[in-house]
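With compact mmCIF, N, CA and C atoms inside, this is structure-v4.txt:
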# COMPACT_ATOMS: atom_id res chain seq x y z
N MET A 1 2.52 -10.94 -11.42
CA MET A 1 1.93 -10.14 -10.36
C MET A 1 2.97 -9.15 -9.87
N ALA A 2 2.53 -7.92 -9.64
CA ALA A 2 3.39 -6.89 -9.07
C ALA A 2 2.98 -6.65 -7.63
N TYR A 3 3.89 -6.05 -6.88
CA TYR A 3 3.65 -5.78 -5.46
C TYR A 3 3.81 -4.29 -5.19
N TRP A 4 3.04 -3.82 -4.22
CA TRP A 4 2.97 -2.40 -3.92
C TRP A 4 2.88 -2.19 -2.41
N LEU A 5 2.96 -0.94 -2.01
CA LEU A 5 2.67 -0.53 -0.64
C LEU A 5 1.80 0.71 -0.75
N VAL A 6 0.67 0.71 -0.05
CA VAL A 6 -0.21 1.87 0.01
C VAL A 6 -0.27 2.35 1.45
N LYS A 7 -0.25 3.67 1.60
CA LYS A 7 -0.21 4.26 2.94
C LYS A 7 -1.53 4.94 3.26
N SER A 8 -1.93 4.80 4.51
CA SER A 8 -3.11 5.49 5.00
C SER A 8 -2.91 5.86 6.46
N GLU A 9 -3.32 7.05 6.80
CA GLU A 9 -3.28 7.46 8.20
C GLU A 9 -4.45 6.77 8.91
N PRO A 10 -4.17 6.00 9.96
CA PRO A 10 -5.24 5.20 10.57
C PRO A 10 -6.40 6.03 11.11
N PHE A 11 -6.17 7.28 11.48
CA PHE A 11 -7.29 8.09 11.97
C PHE A 11 -8.19 8.54 10.81
N LYS A 12 -7.68 8.46 9.57
CA LYS A 12 -8.50 8.77 8.39
C LYS A 12 -9.14 7.52 7.80
N TYR A 13 -8.31 6.47 7.63
CA TYR A 13 -8.83 5.20 7.11
C TYR A 13 -7.90 4.09 7.57
N SER A 14 -8.36 3.30 8.51
CA SER A 14 -7.53 2.27 9.13
C SER A 14 -7.74 0.91 8.47
N TRP A 15 -6.82 0.01 8.77
CA TRP A 15 -6.95 -1.38 8.31
C TRP A 15 -8.27 -1.96 8.82
N ASP A 16 -8.61 -1.72 10.09
CA ASP A 16 -9.85 -2.26 10.65
C ASP A 16 -11.08 -1.76 9.89
N GLN A 17 -11.08 -0.48 9.51
CA GLN A 17 -12.20 0.06 8.74
C GLN A 17 -12.25 -0.57 7.35
N PHE A 18 -11.07 -0.75 6.76
CA PHE A 18 -10.96 -1.39 5.44
C PHE A 18 -11.55 -2.80 5.48
N VAL A 19 -11.20 -3.57 6.50
CA VAL A 19 -11.74 -4.93 6.65
C VAL A 19 -13.25 -4.88 6.83
N LYS A 20 -13.72 -3.95 7.64
CA LYS A 20 -15.16 -3.80 7.87
C LYS A 20 -15.89 -3.46 6.56
N ASP A 21 -15.28 -2.58 5.75
CA ASP A 21 -15.89 -2.17 4.48
C ASP A 21 -15.83 -3.30 3.44
N GLY A 22 -14.78 -4.13 3.49
CA GLY A 22 -14.65 -5.23 2.55
C GLY A 22 -14.09 -4.87 1.19
N ARG A 23 -14.07 -3.59 0.89
CA ARG A 23 -13.54 -3.09 -0.39
C ARG A 23 -13.54 -1.57 -0.31
N THR A 24 -12.60 -0.94 -1.00
CA THR A 24 -12.58 0.52 -1.04
C THR A 24 -11.93 0.99 -2.33
N HIS A 25 -12.21 2.23 -2.68
CA HIS A 25 -11.47 2.85 -3.77
C HIS A 25 -10.34 3.66 -3.15
N TRP A 26 -9.16 3.58 -3.76
CA TRP A 26 -7.97 4.26 -3.25
C TRP A 26 -7.87 5.58 -3.98
N ASP A 27 -8.50 6.60 -3.40
CA ASP A 27 -8.63 7.89 -4.06
C ASP A 27 -7.84 8.97 -3.33
N GLY A 28 -7.88 10.17 -3.87
CA GLY A 28 -7.24 11.31 -3.22
C GLY A 28 -5.75 11.44 -3.49
N VAL A 29 -5.18 10.58 -4.32
CA VAL A 29 -3.75 10.65 -4.63
C VAL A 29 -3.54 11.81 -5.60
N ARG A 30 -2.68 12.76 -5.21
CA ARG A 30 -2.45 13.94 -6.04
C ARG A 30 -0.97 14.15 -6.36
N ASN A 31 -0.18 13.14 -6.19
CA ASN A 31 1.24 13.17 -6.54
C ASN A 31 1.39 12.39 -7.85
N TYR A 32 2.09 12.98 -8.82
CA TYR A 32 2.18 12.34 -10.14
C TYR A 32 2.89 11.00 -10.09
N GLN A 33 3.94 10.87 -9.29
CA GLN A 33 4.64 9.59 -9.22
C GLN A 33 3.75 8.52 -8.59
N ALA A 34 3.07 8.86 -7.51
CA ALA A 34 2.14 7.92 -6.88
C ALA A 34 0.99 7.58 -7.83
N SER A 35 0.52 8.57 -8.57
CA SER A 35 -0.55 8.35 -9.54
C SER A 35 -0.09 7.40 -10.65
N ASN A 36 1.14 7.56 -11.11
CA ASN A 36 1.68 6.64 -12.12
C ASN A 36 1.77 5.23 -11.57
N ASN A 37 2.07 5.10 -10.27
CA ASN A 37 2.09 3.77 -9.64
C ASN A 37 0.69 3.18 -9.62
N LEU A 38 -0.33 3.99 -9.35
CA LEU A 38 -1.71 3.50 -9.40
C LEU A 38 -2.05 3.03 -10.81
N LYS A 39 -1.62 3.80 -11.83
CA LYS A 39 -1.89 3.43 -13.22
C LYS A 39 -1.25 2.09 -13.58
N ALA A 40 -0.14 1.76 -12.95
CA ALA A 40 0.58 0.52 -13.25
C ALA A 40 -0.02 -0.70 -12.56
N MET A 41 -0.90 -0.49 -11.60
CA MET A 41 -1.50 -1.61 -10.87
C MET A 41 -2.46 -2.39 -11.76
N ARG A 42 -2.43 -3.71 -11.59
CA ARG A 42 -3.30 -4.61 -12.34
C ARG A 42 -4.12 -5.46 -11.39
N ILE A 43 -5.28 -5.91 -11.86
CA ILE A 43 -6.13 -6.78 -11.05
C ILE A 43 -5.30 -7.98 -10.60
N GLY A 44 -5.38 -8.29 -9.32
CA GLY A 44 -4.65 -9.41 -8.75
C GLY A 44 -3.33 -9.01 -8.10
N ASP A 45 -2.82 -7.81 -8.42
CA ASP A 45 -1.61 -7.33 -7.74
C ASP A 45 -1.90 -7.22 -6.24
N ARG A 46 -0.86 -7.38 -5.45
CA ARG A 46 -1.00 -7.29 -3.99
C ARG A 46 -0.31 -6.03 -3.47
N ALA A 47 -0.80 -5.52 -2.36
CA ALA A 47 -0.21 -4.32 -1.75
C ALA A 47 -0.18 -4.46 -0.24
N PHE A 48 0.93 -4.06 0.35
CA PHE A 48 0.97 -3.93 1.80
C PHE A 48 0.13 -2.71 2.18
N PHE A 49 -0.66 -2.85 3.23
CA PHE A 49 -1.42 -1.74 3.79
C PHE A 49 -0.60 -1.22 4.96
N TYR A 50 -0.16 0.02 4.85
CA TYR A 50 0.77 0.62 5.81
C TYR A 50 0.09 1.76 6.54
N HIS A 51 0.15 1.73 7.88
CA HIS A 51 -0.37 2.84 8.68
C HIS A 51 0.71 3.91 8.81
N SER A 52 0.43 5.08 8.26
CA SER A 52 1.38 6.19 8.35
C SER A 52 0.97 7.13 9.48
N ASN A 53 1.88 7.99 9.86
CA ASN A 53 1.71 8.96 10.96
C ASN A 53 1.58 8.30 12.32
N GLU A 54 0.60 7.42 12.51
CA GLU A 54 0.45 6.67 13.76
C GLU A 54 0.75 5.20 13.45
N GLY A 55 1.49 4.57 14.28
CA GLY A 55 1.79 3.16 14.07
C GLY A 55 3.04 2.95 13.25
N LEU A 56 3.09 3.56 12.06
CA LEU A 56 4.24 3.45 11.16
C LEU A 56 4.63 2.00 10.95
N GLU A 57 3.67 1.22 10.40
CA GLU A 57 3.92 -0.21 10.25
C GLU A 57 3.00 -0.81 9.20
N ILE A 58 3.47 -1.90 8.60
CA ILE A 58 2.65 -2.69 7.70
C ILE A 58 1.70 -3.52 8.56
N VAL A 59 0.40 -3.42 8.28
CA VAL A 59 -0.59 -4.10 9.11
C VAL A 59 -1.44 -5.12 8.36
N GLY A 60 -1.36 -5.12 7.02
CA GLY A 60 -2.16 -6.06 6.26
C GLY A 60 -1.77 -6.10 4.80
N VAL A 61 -2.46 -6.98 4.07
CA VAL A 61 -2.25 -7.14 2.64
C VAL A 61 -3.58 -6.93 1.94
N ALA A 62 -3.53 -6.14 0.86
CA ALA A 62 -4.71 -5.87 0.04
C ALA A 62 -4.47 -6.39 -1.37
N GLU A 63 -5.54 -6.52 -2.12
CA GLU A 63 -5.46 -6.94 -3.52
C GLU A 63 -6.18 -5.94 -4.41
N VAL A 64 -5.62 -5.67 -5.57
CA VAL A 64 -6.25 -4.78 -6.55
C VAL A 64 -7.40 -5.55 -7.20
N VAL A 65 -8.61 -4.95 -7.13
CA VAL A 65 -9.78 -5.60 -7.72
C VAL A 65 -10.39 -4.78 -8.86
N LYS A 66 -9.95 -3.55 -9.04
CA LYS A 66 -10.37 -2.73 -10.18
C LYS A 66 -9.21 -1.82 -10.54
N GLU A 67 -8.86 -1.81 -11.82
CA GLU A 67 -7.73 -1.01 -12.29
C GLU A 67 -8.10 0.46 -12.38
N TYR A 68 -7.09 1.26 -12.61
CA TYR A 68 -7.14 2.72 -12.63
C TYR A 68 -8.35 3.27 -13.40
N TYR A 69 -9.05 4.19 -12.77
CA TYR A 69 -10.17 4.89 -13.40
C TYR A 69 -10.26 6.28 -12.79
N PRO A 70 -10.99 7.22 -13.42
CA PRO A 70 -10.99 8.61 -12.95
C PRO A 70 -11.48 8.76 -11.51
N ASP A 71 -10.81 9.64 -10.78
CA ASP A 71 -11.20 9.97 -9.40
C ASP A 71 -12.19 11.13 -9.48
N PRO A 72 -13.46 10.90 -9.15
CA PRO A 72 -14.46 11.97 -9.26
C PRO A 72 -14.21 13.15 -8.32
N SER A 73 -13.38 12.96 -7.30
CA SER A 73 -13.09 14.08 -6.39
C SER A 73 -12.02 15.01 -6.95
N ASP A 74 -11.43 14.67 -8.11
CA ASP A 74 -10.40 15.49 -8.73
C ASP A 74 -11.03 16.40 -9.78
N GLU A 75 -11.18 17.67 -9.45
CA GLU A 75 -11.80 18.62 -10.37
C GLU A 75 -10.96 18.86 -11.62
N SER A 76 -9.66 18.60 -11.54
CA SER A 76 -8.78 18.82 -12.71
C SER A 76 -8.87 17.67 -13.70
N ALA A 77 -9.45 16.55 -13.30
CA ALA A 77 -9.58 15.34 -14.12
C ALA A 77 -8.22 14.77 -14.54
N ARG A 78 -7.18 15.01 -13.73
CA ARG A 78 -5.84 14.48 -14.05
C ARG A 78 -5.50 13.23 -13.26
N PHE A 79 -6.23 12.97 -12.18
CA PHE A 79 -5.86 11.87 -11.29
C PHE A 79 -6.95 10.82 -11.23
N GLY A 80 -6.55 9.61 -10.85
CA GLY A 80 -7.50 8.51 -10.77
C GLY A 80 -7.33 7.70 -9.51
N MET A 81 -7.91 6.51 -9.52
CA MET A 81 -7.89 5.65 -8.35
C MET A 81 -8.01 4.20 -8.79
N VAL A 82 -7.80 3.30 -7.86
CA VAL A 82 -8.02 1.87 -8.05
C VAL A 82 -8.90 1.39 -6.90
N ASP A 83 -9.46 0.20 -7.06
CA ASP A 83 -10.21 -0.41 -5.96
C ASP A 83 -9.38 -1.53 -5.36
N LEU A 84 -9.44 -1.63 -4.05
CA LEU A 84 -8.71 -2.65 -3.30
C LEU A 84 -9.66 -3.41 -2.38
N LYS A 85 -9.29 -4.66 -2.09
CA LYS A 85 -10.02 -5.43 -1.07
C LYS A 85 -8.99 -5.98 -0.10
N PRO A 86 -9.37 -6.14 1.16
CA PRO A 86 -8.44 -6.72 2.13
C PRO A 86 -8.27 -8.22 1.87
N VAL A 87 -7.04 -8.71 2.09
CA VAL A 87 -6.76 -10.13 1.91
C VAL A 87 -6.47 -10.78 3.25
N VAL A 88 -5.50 -10.24 3.97
CA VAL A 88 -5.10 -10.85 5.24
C VAL A 88 -4.40 -9.82 6.12
N PRO A 89 -4.68 -9.84 7.42
CA PRO A 89 -3.88 -9.01 8.33
C PRO A 89 -2.53 -9.69 8.55
N VAL A 90 -1.54 -8.92 8.91
CA VAL A 90 -0.25 -9.53 9.26
C VAL A 90 -0.36 -10.09 10.67
N LYS A 91 0.43 -11.12 10.96
CA LYS A 91 0.48 -11.66 12.32
C LYS A 91 1.37 -10.81 13.19
N THR A 92 2.43 -10.27 12.59
CA THR A 92 3.38 -9.40 13.29
C THR A 92 3.59 -8.16 12.45
N PRO A 93 3.16 -6.98 12.91
CA PRO A 93 3.39 -5.77 12.12
C PRO A 93 4.88 -5.56 11.84
N VAL A 94 5.17 -5.08 10.64
CA VAL A 94 6.54 -4.76 10.26
C VAL A 94 6.68 -3.25 10.37
N THR A 95 7.51 -2.79 11.30
CA THR A 95 7.59 -1.37 11.60
C THR A 95 8.56 -0.64 10.68
N LEU A 96 8.34 0.65 10.59
CA LEU A 96 9.24 1.51 9.82
C LEU A 96 10.66 1.42 10.37
N LYS A 97 10.79 1.37 11.67
CA LYS A 97 12.12 1.26 12.29
C LYS A 97 12.83 -0.01 11.82
N GLN A 98 12.10 -1.14 11.80
CA GLN A 98 12.67 -2.39 11.29
C GLN A 98 13.12 -2.23 9.85
N MET A 99 12.25 -1.65 9.03
CA MET A 99 12.53 -1.52 7.60
C MET A 99 13.77 -0.66 7.36
N LYS A 100 13.90 0.41 8.13
CA LYS A 100 15.04 1.32 7.93
C LYS A 100 16.37 0.67 8.26
N THR A 101 16.37 -0.26 9.20
CA THR A 101 17.64 -0.88 9.63
C THR A 101 17.92 -2.22 8.97
N ASP A 102 16.97 -2.74 8.22
CA ASP A 102 17.14 -4.04 7.58
C ASP A 102 17.79 -3.88 6.21
N PRO A 103 18.84 -4.63 5.91
CA PRO A 103 19.52 -4.49 4.62
C PRO A 103 18.63 -4.75 3.40
N VAL A 104 17.65 -5.64 3.53
CA VAL A 104 16.77 -5.93 2.40
C VAL A 104 15.70 -4.85 2.25
N LEU A 105 15.11 -4.42 3.34
CA LEU A 105 13.99 -3.49 3.28
C LEU A 105 14.39 -2.02 3.26
N SER A 106 15.61 -1.72 3.64
CA SER A 106 16.03 -0.31 3.69
C SER A 106 16.11 0.33 2.32
N GLU A 107 16.07 -0.48 1.27
CA GLU A 107 16.08 0.06 -0.09
C GLU A 107 14.67 0.24 -0.66
N MET A 108 13.65 -0.03 0.14
CA MET A 108 12.27 0.16 -0.33
C MET A 108 12.05 1.63 -0.66
N GLN A 109 11.20 1.87 -1.65
CA GLN A 109 10.89 3.24 -2.03
C GLN A 109 10.24 3.99 -0.86
N LEU A 110 9.51 3.29 -0.01
CA LEU A 110 8.93 3.90 1.18
C LEU A 110 9.99 4.60 2.01
N ILE A 111 11.17 4.00 2.10
CA ILE A 111 12.26 4.57 2.91
C ILE A 111 12.93 5.72 2.15
N ARG A 112 13.16 5.52 0.88
CA ARG A 112 13.87 6.52 0.08
C ARG A 112 13.00 7.73 -0.25
N GLN A 113 11.70 7.54 -0.38
CA GLN A 113 10.77 8.63 -0.69
C GLN A 113 9.59 8.53 0.27
N SER A 114 9.82 8.96 1.48
CA SER A 114 8.87 8.71 2.57
C SER A 114 7.51 9.38 2.39
N ARG A 115 7.41 10.38 1.56
CA ARG A 115 6.13 11.06 1.39
C ARG A 115 5.26 10.45 0.28
N LEU A 116 5.82 9.50 -0.46
CA LEU A 116 5.08 8.87 -1.55
C LEU A 116 4.03 7.91 -0.98
N SER A 117 2.78 8.08 -1.39
CA SER A 117 1.69 7.31 -0.77
C SER A 117 1.41 5.96 -1.44
N VAL A 118 1.94 5.75 -2.63
CA VAL A 118 1.79 4.47 -3.33
C VAL A 118 3.15 4.13 -3.91
N CYS A 119 3.74 3.02 -3.46
CA CYS A 119 5.11 2.67 -3.82
C CYS A 119 5.19 1.24 -4.35
N PRO A 120 6.06 1.00 -5.33
CA PRO A 120 6.31 -0.39 -5.73
C PRO A 120 7.16 -1.10 -4.68
N VAL A 121 7.01 -2.41 -4.61
CA VAL A 121 7.80 -3.27 -3.72
C VAL A 121 8.37 -4.39 -4.59
N SER A 122 9.65 -4.65 -4.48
CA SER A 122 10.27 -5.71 -5.30
C SER A 122 9.79 -7.09 -4.82
N ASP A 123 9.95 -8.08 -5.69
CA ASP A 123 9.59 -9.46 -5.32
C ASP A 123 10.35 -9.89 -4.07
N GLU A 124 11.65 -9.60 -4.03
CA GLU A 124 12.48 -9.99 -2.88
C GLU A 124 12.00 -9.31 -1.61
N GLN A 125 11.73 -8.00 -1.68
CA GLN A 125 11.26 -7.26 -0.51
C GLN A 125 9.91 -7.80 -0.05
N TRP A 126 9.05 -8.15 -1.00
CA TRP A 126 7.72 -8.68 -0.66
C TRP A 126 7.84 -9.98 0.12
N ARG A 127 8.60 -10.93 -0.44
CA ARG A 127 8.75 -12.23 0.22
C ARG A 127 9.37 -12.07 1.60
N TYR A 128 10.39 -11.25 1.69
CA TYR A 128 11.10 -11.04 2.95
C TYR A 128 10.18 -10.40 4.00
N ALA A 129 9.48 -9.34 3.61
CA ALA A 129 8.58 -8.66 4.55
C ALA A 129 7.43 -9.57 4.97
N CYS A 130 6.92 -10.39 4.05
CA CYS A 130 5.87 -11.35 4.41
C CYS A 130 6.39 -12.32 5.47
N GLY A 131 7.64 -12.76 5.31
CA GLY A 131 8.25 -13.64 6.31
C GLY A 131 8.32 -12.99 7.67
N LEU A 132 8.73 -11.71 7.70
CA LEU A 132 8.79 -10.98 8.98
C LEU A 132 7.39 -10.81 9.57
N ALA A 133 6.40 -10.64 8.69
CA ALA A 133 5.03 -10.41 9.14
C ALA A 133 4.31 -11.70 9.54
N GLY A 134 4.94 -12.84 9.26
CA GLY A 134 4.34 -14.11 9.64
C GLY A 134 3.22 -14.56 8.73
N ILE A 135 3.26 -14.13 7.47
CA ILE A 135 2.22 -14.53 6.51
C ILE A 135 2.88 -15.13 5.27
N ASP A 136 2.10 -15.87 4.51
CA ASP A 136 2.59 -16.46 3.27
C ASP A 136 2.74 -15.39 2.20
N ALA A 137 3.82 -15.48 1.45
CA ALA A 137 4.04 -14.54 0.34
C ALA A 137 3.14 -14.96 -0.77
Please, can you express the file's structure as structure tokens?
Amino acid sequence: MAYWLVKSEPFKYSWDQFVKDGRTHWDGVRNYQASNNLKAMRIGDRAFFYHSNEGLEIVGVAEVVKEYYPDPSDESARFGMVDLKPVVPVKTPVTLKQMKTDPVLSEMQLIRQSRLSVCPVSDEQWRYACGLAGIDA
């Protein structure tokens, strides 16, 4: 199993809306590196759901339920999407400020490439962040 972090602006698509929907397609990614990360996702992989712009924190965990397929909103036909379902909210949000100052989390791709909307997370970072969030890894 691989681990990821996906970012969404809560005013566009929040964790609460995701939970209400029960499943969503992760579309609209137009960065090649983020798109390659989507292509690498496999069914059963887990992803932190991160609120960007507002909140700036990990708020939940999602699971990949459908692997990469074409994004119909992309007229160039170069980009795709995956489907995700919510798994669990965090008990304690893990903030960007915490991540930046923590020796384990400060090396996350989210910190090094802050504009990337889909990032890999190492096994160590996953377990550690889950511990901070008060959930089982």
Residue neighbourhood Met1 of chain A, 7 Å, only C-alpha atoms, exclusion window fewer than 2 positions, as a list in words
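Result of the neighbour search: Tyr3, Gly44 and Asp45 of chain A.
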Just-selected residues, N, CA and C atoms written as a tab-separated table (two decimals), in the coordinates of the input:
chain	number	residue	atom	x	y	z
A	3	TYR	N	3.89	-6.05	-6.88
A	3	TYR	CA	3.65	-5.78	-5.46
A	3	TYR	C	3.81	-4.29	-5.19
A	44	GLY	N	-5.38	-8.29	-9.32
A	44	GLY	CA	-4.65	-9.41	-8.75
A	44	GLY	C	-3.33	-9.01	-8.10
A	45	ASP	N	-2.82	-7.81	-8.42
A	45	ASP	CA	-1.61	-7.33	-7.74
A	45	ASP	C	-1.90	-7.22	-6.24
Closest of A:Leu84, A:Leu96, A:Ile111, A:Leu5 to Glu67 of chain A - atom-to-atom distances counting all atoms listed in the file
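Closest residue, counting all atoms listed in the file: A:Leu84.
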Could you pull out the strand (DSSP E or B) residues of segment 3-126 of chain A, going by DSSP on the backbone, and write them as a CSV table (one decimal) with N, CA and C atoms, in the coordinates of the input?
chain,number,residue,atom,x,y,z
A,3,TYR,N,3.9,-6.0,-6.9
A,3,TYR,CA,3.6,-5.8,-5.5
A,3,TYR,C,3.8,-4.3,-5.2
A,4,TRP,N,3.0,-3.8,-4.2
A,4,TRP,CA,3.0,-2.4,-3.9
A,4,TRP,C,2.9,-2.2,-2.4
A,5,LEU,N,3.0,-0.9,-2.0
A,5,LEU,CA,2.7,-0.5,-0.6
A,5,LEU,C,1.8,0.7,-0.8
A,6,VAL,N,0.7,0.7,0.0
A,6,VAL,CA,-0.2,1.9,0.0
A,6,VAL,C,-0.3,2.4,1.4
A,7,LYS,N,-0.2,3.7,1.6
A,7,LYS,CA,-0.2,4.3,2.9
A,7,LYS,C,-1.5,4.9,3.3
A,8,SER,N,-1.9,4.8,4.5
A,8,SER,CA,-3.1,5.5,5.0
A,8,SER,C,-2.9,5.9,6.5
A,24,THR,N,-12.6,-0.9,-1.0
A,24,THR,CA,-12.6,0.5,-1.0
A,24,THR,C,-11.9,1.0,-2.3
A,25,HIS,N,-12.2,2.2,-2.7
A,25,HIS,CA,-11.5,2.8,-3.8
A,25,HIS,C,-10.3,3.7,-3.2
A,26,TRP,N,-9.2,3.6,-3.8
A,26,TRP,CA,-8.0,4.3,-3.2
A,26,TRP,C,-7.9,5.6,-4.0
A,46,ARG,N,-0.9,-7.4,-5.4
A,46,ARG,CA,-1.0,-7.3,-4.0
A,46,ARG,C,-0.3,-6.0,-3.5
A,47,ALA,N,-0.8,-5.5,-2.4
A,47,ALA,CA,-0.2,-4.3,-1.8
A,47,ALA,C,-0.2,-4.5,-0.2
A,48,PHE,N,0.9,-4.1,0.4
A,48,PHE,CA,1.0,-3.9,1.8
A,48,PHE,C,0.1,-2.7,2.2
A,49,PHE,N,-0.7,-2.8,3.2
A,49,PHE,CA,-1.4,-1.7,3.8
A,49,PHE,C,-0.6,-1.2,5.0
A,50,TYR,N,-0.2,0.0,4.8
A,50,TYR,CA,0.8,0.6,5.8
A,50,TYR,C,0.1,1.8,6.5
A,51,HIS,N,0.2,1.7,7.9
A,51,HIS,CA,-0.4,2.8,8.7
A,51,HIS,C,0.7,3.9,8.8
A,57,GLU,N,3.7,1.2,10.4
A,57,GLU,CA,3.9,-0.2,10.2
A,57,GLU,C,3.0,-0.8,9.2
A,58,ILE,N,3.5,-1.9,8.6
A,58,ILE,CA,2.6,-2.7,7.7
A,58,ILE,C,1.7,-3.5,8.6
A,59,VAL,N,0.4,-3.4,8.3
A,59,VAL,CA,-0.6,-4.1,9.1
A,59,VAL,C,-1.4,-5.1,8.4
A,60,GLY,N,-1.4,-5.1,7.0
A,60,GLY,CA,-2.2,-6.1,6.3
A,60,GLY,C,-1.8,-6.1,4.8
A,61,VAL,N,-2.5,-7.0,4.1
A,61,VAL,CA,-2.2,-7.1,2.6
A,61,VAL,C,-3.6,-6.9,1.9
A,62,ALA,N,-3.5,-6.1,0.9
A,62,ALA,CA,-4.7,-5.9,0.0
A,62,ALA,C,-4.5,-6.4,-1.4
A,63,GLU,N,-5.5,-6.5,-2.1
A,63,GLU,CA,-5.5,-6.9,-3.5
A,63,GLU,C,-6.2,-5.9,-4.4
A,64,VAL,N,-5.6,-5.7,-5.6
A,64,VAL,CA,-6.2,-4.8,-6.6
A,64,VAL,C,-7.4,-5.6,-7.2
A,65,VAL,N,-8.6,-5.0,-7.1
A,65,VAL,CA,-9.8,-5.6,-7.7
A,65,VAL,C,-10.4,-4.8,-8.9
A,66,LYS,N,-10.0,-3.6,-9.0
A,66,LYS,CA,-10.4,-2.7,-10.2
A,66,LYS,C,-9.2,-1.8,-10.5
A,67,GLU,N,-8.9,-1.8,-11.8
A,67,GLU,CA,-7.7,-1.0,-12.3
A,67,GLU,C,-8.1,0.5,-12.4
A,68,TYR,N,-7.1,1.3,-12.6
A,68,TYR,CA,-7.1,2.7,-12.6
A,68,TYR,C,-8.4,3.3,-13.4
A,69,TYR,N,-9.0,4.2,-12.8
A,69,TYR,CA,-10.2,4.9,-13.4
A,69,TYR,C,-10.3,6.3,-12.8
A,70,PRO,N,-11.0,7.2,-13.4
A,70,PRO,CA,-11.0,8.6,-13.0
A,70,PRO,C,-11.5,8.8,-11.5
A,80,GLY,N,-6.6,9.6,-10.8
A,80,GLY,CA,-7.5,8.5,-10.8
A,80,GLY,C,-7.3,7.7,-9.5
A,81,MET,N,-7.9,6.5,-9.5
A,81,MET,CA,-7.9,5.6,-8.4
A,81,MET,C,-8.0,4.2,-8.8
A,82,VAL,N,-7.8,3.3,-7.9
A,82,VAL,CA,-8.0,1.9,-8.0
A,82,VAL,C,-8.9,1.4,-6.9
A,83,ASP,N,-9.5,0.2,-7.1
A,83,ASP,CA,-10.2,-0.4,-6.0
A,83,ASP,C,-9.4,-1.5,-5.4
A,84,LEU,N,-9.4,-1.6,-4.0
A,84,LEU,CA,-8.7,-2.6,-3.3
A,84,LEU,C,-9.7,-3.4,-2.4
A,85,LYS,N,-9.3,-4.7,-2.1
A,85,LYS,CA,-10.0,-5.4,-1.1
A,85,LYS,C,-9.0,-6.0,-0.1
A,86,PRO,N,-9.4,-6.1,1.2
A,86,PRO,CA,-8.4,-6.7,2.1
A,86,PRO,C,-8.3,-8.2,1.9
A,87,VAL,N,-7.0,-8.7,2.1
A,87,VAL,CA,-6.8,-10.1,1.9
A,87,VAL,C,-6.5,-10.8,3.2
A,88,VAL,N,-5.5,-10.2,4.0
A,88,VAL,CA,-5.1,-10.8,5.2
A,88,VAL,C,-4.4,-9.8,6.1
A,89,PRO,N,-4.7,-9.8,7.4
A,89,PRO,CA,-3.9,-9.0,8.3
A,89,PRO,C,-2.5,-9.7,8.6
A,90,VAL,N,-1.5,-8.9,8.9
A,90,VAL,CA,-0.2,-9.5,9.3
A,90,VAL,C,-0.4,-10.1,10.7
A,91,LYS,N,0.4,-11.1,11.0
A,91,LYS,CA,0.5,-11.7,12.3
A,91,LYS,C,1.4,-10.8,13.2
A,92,THR,N,2.4,-10.3,12.6
A,92,THR,CA,3.4,-9.4,13.3
A,92,THR,C,3.6,-8.2,12.4
A,93,PRO,N,3.2,-7.0,12.9
A,93,PRO,CA,3.4,-5.8,12.1
A,93,PRO,C,4.9,-5.6,11.8
A,94,VAL,N,5.2,-5.1,10.6
A,94,VAL,CA,6.5,-4.8,10.3
A,94,VAL,C,6.7,-3.2,10.4
A,95,THR,N,7.5,-2.8,11.3
A,95,THR,CA,7.6,-1.4,11.6
A,95,THR,C,8.6,-0.6,10.7
A,118,VAL,N,1.9,5.8,-2.6
A,118,VAL,CA,1.8,4.5,-3.3
A,118,VAL,C,3.2,4.1,-3.9
A,119,CYS,N,3.7,3.0,-3.5
A,119,CYS,CA,5.1,2.7,-3.8
A,119,CYS,C,5.2,1.2,-4.4
A,120,PRO,N,6.1,1.0,-5.3
A,120,PRO,CA,6.3,-0.4,-5.7
A,120,PRO,C,7.2,-1.1,-4.7
A,121,VAL,N,7.0,-2.4,-4.6
A,121,VAL,CA,7.8,-3.3,-3.7
A,121,VAL,C,8.4,-4.4,-4.6
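Take atom CA of Ser52 of chain A and atom C of Arg30 of chain A: the distance between them is 16.9 Å.
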Which neighbours of Cys119 of chain A fall inside 8 Å, counting only N, CA and C atoms, when residues of the same chain fewer than 3 positions from it are skipped, and could you give them as a ChimeraX atom specification?
/A:3-7,33-34,37-38,108-110,116,122
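We find atom C of Glu57 of chain A and atom CA of Thr101 of chain A to be spaced 14.6 Å apart.
Within segment 8-47 of chain A, DSSP run on the backbone puts these residues in helix (DSSP H, G or I): Trp15, Asp16, Gln17, Phe18, Val19, Lys20, Asp21, Tyr32, Gln33, Ala34, Ser35, Asn36, Asn37, Leu38, Lys39 and Ala40 of chain A.
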Which residues are near Asp27 of chain A? Cut-off 6.5 Å, all atoms listed in the file, ignore same chain within fewer than 6 positions. Put them as a PyMOL selection string.
chain A and resi 71+80-82
